[in-house]
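Structure data (PDB, C-alpha atoms) from protein.pdb:
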ATOM      1  CA  GLY S 494      -1.890 151.025-129.117
ATOM      2  CA  LEU S 495      -2.975 147.559-130.112
ATOM      3  CA  GLN S 496      -6.403 148.667-131.312
ATOM      4  CA  GLU S 497      -4.877 151.332-133.561
ATOM      5  CA  ALA S 498      -2.392 148.847-135.019
ATOM      6  CA  SER S 499      -5.083 146.240-135.671
ATOM      7  CA  SER S 500      -7.326 148.808-137.361
ATOM      8  CA  ARG S 501      -4.531 149.479-139.885
ATOM      9  CA  PHE S 502      -4.180 145.809-140.830
ATOM     10  CA  LEU S 503      -7.633 144.262-140.346
ATOM     11  CA  PRO S 504     -10.768 145.272-142.238
ATOM     12  CA  SER S 505     -13.487 146.996-140.275
ATOM     13  CA  SER S 506     -16.756 145.141-139.735
ATOM     14  CA  SER S 507     -18.408 147.219-142.474
ATOM     15  CA  GLU S 508     -15.651 146.236-144.930
ATOM     16  CA  LEU S 509     -15.578 142.565-143.978
ATOM     17  CA  PRO S 510     -18.213 141.159-146.377
ATOM     18  CA  ALA S 511     -16.538 142.770-149.404
ATOM     19  CA  ALA S 512     -13.018 142.072-148.130
ATOM     20  CA  HIS S 513     -13.893 138.458-147.348
ATOM     21  CA  HIS S 514     -13.961 137.660-151.067
ATOM     22  CA  ALA S 515     -10.850 139.641-151.939
ATOM     23  CA  VAL S 516      -7.582 137.796-152.350
ATOM     24  CA  GLU S 517      -4.753 140.274-152.544
ATOM     25  CA  THR S 518      -1.049 139.738-152.256
ATOM     26  CA  ALA S 519       1.302 142.554-151.395
ATOM     27  CA  SER S 520       4.993 142.415-152.242
ATOM     28  CA  ILE S 521       7.522 144.229-150.126
ATOM     29  CA  VAL S 522      11.290 144.478-150.270
ATOM     30  CA  LEU S 523      13.012 143.734-146.982
ATOM     31  CA  ALA S 524      16.037 145.635-145.705
ATOM     32  CA  ASN S 525      18.378 142.924-146.998
ATOM     33  CA  GLY S 526      16.934 143.244-150.514
ATOM     34  CA  ALA S 527      14.886 140.025-150.393
ATOM     35  CA  ALA S 528      11.301 140.141-151.571
ATOM     36  CA  ALA S 529       8.451 138.992-149.340
ATOM     37  CA  THR S 530       4.751 138.593-150.009
ATOM     38  CA  ALA S 531       1.892 138.789-147.576
ATOM     39  CA  THR S 532      -1.710 137.802-148.025
ATOM     40  CA  SER S 533      -4.319 140.432-147.306
ATOM     41  CA  PRO S 534      -6.031 140.468-143.906
ATOM     42  CA  ALA S 535      -9.240 139.464-145.672
ATOM     43  CA  LEU S 536      -8.087 135.844-145.450
ATOM     44  CA  LEU S 537      -7.267 135.958-141.735
ATOM     45  CA  PRO S 538     -10.798 135.102-140.540
ATOM     46  CA  ALA S 539     -10.923 132.037-142.809
ATOM     47  CA  ALA S 540      -7.451 130.895-141.794
ATOM     48  CA  GLY S 541      -8.222 131.497-138.118
ATOM     49  CA  SER S 542     -11.501 129.607-138.341
ATOM     50  CA  SER S 543      -9.793 126.701-140.085
ATOM     51  CA  LEU S 544      -7.096 126.575-137.418
ATOM     52  CA  ILE S 545      -9.718 126.604-134.656
ATOM     53  CA  MET S 546     -11.694 123.794-136.338
ATOM     54  CA  LEU S 547      -8.553 121.684-136.755
ATOM     55  CA  THR S 548      -7.669 122.290-133.114
ATOM     56  CA  ILE S 549     -11.136 121.191-131.991
ATOM     57  CA  VAL S 550     -10.929 118.036-134.115
ATOM     58  CA  ALA S 551      -7.463 117.285-132.705
ATOM     59  CA  LEU S 552      -8.718 117.798-129.143
ATOM     60  CA  LEU S 553     -11.707 115.508-129.740
ATOM     61  CA  TYR S 554      -9.434 112.865-131.253
ATOM     62  CA  THR S 555      -7.098 113.175-128.255
ATOM     63  CA  TRP S 556     -10.086 112.944-125.884
ATOM     64  CA  GLU S 557     -11.368 109.749-127.495
ATOM     65  CA  GLY S 558      -7.910 108.179-127.466
ATOM     66  CA  SER S 559      -7.409 109.151-123.831
ATOM     67  CA  VAL S 560     -10.758 107.695-122.798
ATOM     68  CA  GLU S 561      -9.926 104.420-124.529
ATOM     69  CA  TRP S 562      -6.462 104.335-122.929
ATOM     70  CA  VAL S 563      -7.863 105.037-119.436
ATOM     71  CA  ARG S 564     -10.527 102.341-119.792
ATOM     72  CA  GLU S 565      -7.868  99.803-120.815
ATOM     73  CA  THR S 566      -5.252 100.688-118.182
ATOM     74  CA  VAL S 567      -7.244 101.614-115.065
ATOM     75  CA  PRO S 568      -7.754  98.817-112.538
ATOM     76  CA  ALA S 569     -11.218  97.258-112.673
ATOM     77  CA  SER S 570     -12.024  98.673-109.224
ATOM     78  CA  LEU S 571     -11.690 102.245-110.616
ATOM     79  CA  LEU S 572     -13.755 101.715-113.768
ATOM     80  CA  PRO S 573     -16.986 102.871-112.021
ATOM     81  CA  VAL S 574     -15.207 106.140-111.155
ATOM     82  CA  VAL S 575     -14.056 106.571-114.754
ATOM     83  CA  GLU S 576     -17.564 105.877-116.055
ATOM     84  CA  SER S 577     -19.024 108.379-113.570
ATOM     85  CA  VAL S 578     -16.588 111.068-114.691
ATOM     86  CA  LEU S 579     -17.433 110.360-118.336
ATOM     87  CA  ALA S 580     -21.151 110.569-117.530
ATOM     88  CA  GLU S 581     -20.513 113.895-115.768
ATOM     89  CA  VAL S 582     -18.638 115.230-118.801
ATOM     90  CA  GLY S 583     -21.459 114.072-121.078
ATOM     91  CA  GLY S 584     -24.076 115.675-118.834
ATOM     92  CA  LEU S 585     -22.199 118.964-118.737
ATOM     93  CA  GLY S 586     -21.764 118.844-122.505
ATOM     94  CA  PHE S 587     -25.526 118.416-122.839
ATOM     95  CA  ILE S 588     -26.143 121.357-120.499
ATOM     96  CA  GLY S 589     -23.702 123.453-122.557
ATOM     97  CA  LEU S 590     -25.521 122.479-125.753
ATOM     98  CA  VAL S 591     -28.885 123.437-124.255
ATOM     99  CA  LEU S 592     -27.457 126.755-123.038
ATOM    100  CA  GLN S 593     -26.070 127.587-126.475
ATOM    101  CA  THR S 594     -29.381 126.672-128.091
ATOM    102  CA  VAL S 595     -31.321 128.846-125.654
ATOM    103  CA  LEU S 596     -28.969 131.783-126.248
ATOM    104  CA  GLN S 597     -29.847 131.964-129.940
ATOM    105  CA  GLY S 598     -32.189 134.600-131.354
ATOM    106  CA  THR S 599     -34.937 136.116-129.239
ATOM    107  CA  ASN S 600     -34.199 133.794-126.320
ATOM    108  CA  LYS S 601     -31.009 135.780-125.692
ATOM    109  CA  GLU S 602     -32.992 139.001-125.375
ATOM    110  CA  PHE S 603     -35.417 137.285-122.996
ATOM    111  CA  LEU S 604     -32.570 136.052-120.779
ATOM    112  CA  GLU S 605     -30.935 139.493-120.824
ATOM    113  CA  ASN S 606     -34.238 141.062-119.717
ATOM    114  CA  VAL S 607     -34.581 138.517-116.889
ATOM    115  CA  SER S 608     -30.979 139.205-115.896
ATOM    116  CA  VAL S 609     -31.565 142.960-115.799
ATOM    117  CA  ARG S 610     -34.670 142.508-113.625
ATOM    118  CA  VAL S 611     -32.999 140.071-111.218
ATOM    119  CA  PHE S 612     -29.362 141.220-111.134
ATOM    120  CA  GLY S 613     -29.425 144.716-112.643
ATOM    121  CA  GLU S 614     -27.127 143.769-115.553
ATOM    122  CA  GLY S 615     -27.879 141.991-118.827
ATOM    123  CA  GLU S 616     -25.022 139.489-118.913
ATOM    124  CA  ILE S 617     -24.844 138.400-115.265
ATOM    125  CA  LEU S 618     -27.438 135.608-115.509
ATOM    126  CA  VAL S 619     -25.672 133.777-118.341
ATOM    127  CA  GLU S 620     -22.199 134.426-116.895
ATOM    128  CA  THR S 621     -23.289 133.091-113.502
ATOM    129  CA  PHE S 622     -24.825 130.029-115.121
ATOM    130  CA  GLU S 623     -21.622 129.361-117.077
ATOM    131  CA  TYR S 624     -19.485 129.860-113.946
ATOM    132  CA  LEU S 625     -21.609 127.488-111.875
ATOM    133  CA  HIS S 626     -21.704 125.026-114.761
ATOM    134  CA  SER S 627     -17.885 124.856-114.661
ATOM    135  CA  ALA S 628     -17.777 124.825-110.854
ATOM    136  CA  PHE S 629     -20.151 121.843-110.681
ATOM    137  CA  PHE S 630     -17.870 119.982-113.064
ATOM    138  CA  GLN S 631     -14.816 120.695-110.898
ATOM    139  CA  VAL S 632     -16.628 119.645-107.737
ATOM    140  CA  GLY S 633     -17.893 116.494-109.456
ATOM    141  CA  VAL S 634     -14.441 115.503-110.655
ATOM    142  CA  ALA S 635     -12.974 116.172-107.187
ATOM    143  CA  PHE S 636     -15.682 113.989-105.641
ATOM    144  CA  PHE S 637     -15.080 111.138-108.085
ATOM    145  CA  VAL S 638     -11.330 111.290-107.543
ATOM    146  CA  ALA S 639     -11.775 111.311-103.754
ATOM    147  CA  ALA S 640     -14.315 108.487-103.907
ATOM    148  CA  GLY S 641     -12.072 106.392-106.114
ATOM    149  CA  ALA S 642      -8.904 106.869-104.071
TER
END
Structure re-expressed in structure tokens:
Amino acid sequence: GLQEASSRFLPSSSELPAAHHAVETASIVLANGAAATATSPALLPAAGSSLIMLTIVALLYTWEGSVEWVRETVPASLLPVVESVLAEVGGLGFIGLVLQTVLQGTNKEFLENVSVRVFGEGEILVETFEYLHSAFFQVGVAFFVAAGA
């Protein structure tokens, strides 16, 4: 299946540090006689990471432009709603930052132990927190939209 196919083309985790520095190009001859080259899978993590970073930058740029556009085009009576939504997004971003900070190192083990004692599974506490974090955002946005309408 998919896992078997990926294991043929991608380096295993034990090979990754050595493969990460390798730059290999393979040449193959296609059925029509044309030659094609392919870069080794060792470069895929770097290319993927670069694509993700560029996507994040593009999304942030789009976000900032959208916020500016909304502030300029929304009627003055709705500006308090817009500012409240932006404050909510900022607050949730802060909560997400705190959560990611807490999940680093030994704190993650501590939270997993608490989760096992309370819920019987190691990941449930963090997953529940993340779910509720998103749900509060959705409820907040729905409230602001209803209040502004």
>> Assuming the chain letters and numbering stay as they are in my file, what does the PyMOL selection byres ((chain S and resi 563) around 12) actually select? List them as a list in words.
In response: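 Expected selection for the PyMOL selection byres ((chain S and resi 563) around 12) here is Trp556, Glu557, Gly558, Ser559, Val560, Glu561, Trp562, Arg564, Glu565, Thr566, Val567, Pro568, Ala569, Leu571, Leu572, Pro573, Val574, Val575, Glu576, Val578 and Leu579 of chain S.
Rounded to one decimal, atom CA of Thr599 of chain S and atom CA of Phe629 of chain S lie 27.7 Å from each other.
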> Interatomic distance between atom CA of Glu620 of chain S and atom CA of Val582 of chain S?
Replying inline: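 Straight-line distance from atom CA of Glu620 of chain S to atom CA of Val582 of chain S works out to 19.6 Å.
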Go ahead and fit an axis-aligned box to every listed atom of segment 623-638 of chain S plus 5 Å each side, and pass me the centre and edge lengths in Å, one decimal, as JSON.
{"center_x": -16.5, "center_y": 120.5, "center_z": -111.4, "size_x": 20.4, "size_y": 28.7, "size_z": 21.4}
> Suppose you want the space between atom CA of Phe622 of chain S and atom CA of Val591 of chain S; what is it in Å?
Replying inline: 12.0 Å
> With all atoms listed in the file as the basis for distance, which of S:Leu618, S:Ala628, S:Leu552, S:Leu547 is at the shortest distance from Lys601 of chain S?
Replying inline: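 Among the listed residues, the smallest separation from Lys601 of chain S belongs to S:Leu618.
Of the listed residues (S:Phe603, S:Ser542, S:Ser577, S:Val619), S:Ser577 comes nearest to Gly633 of chain S; the distances count all atoms listed in the file.
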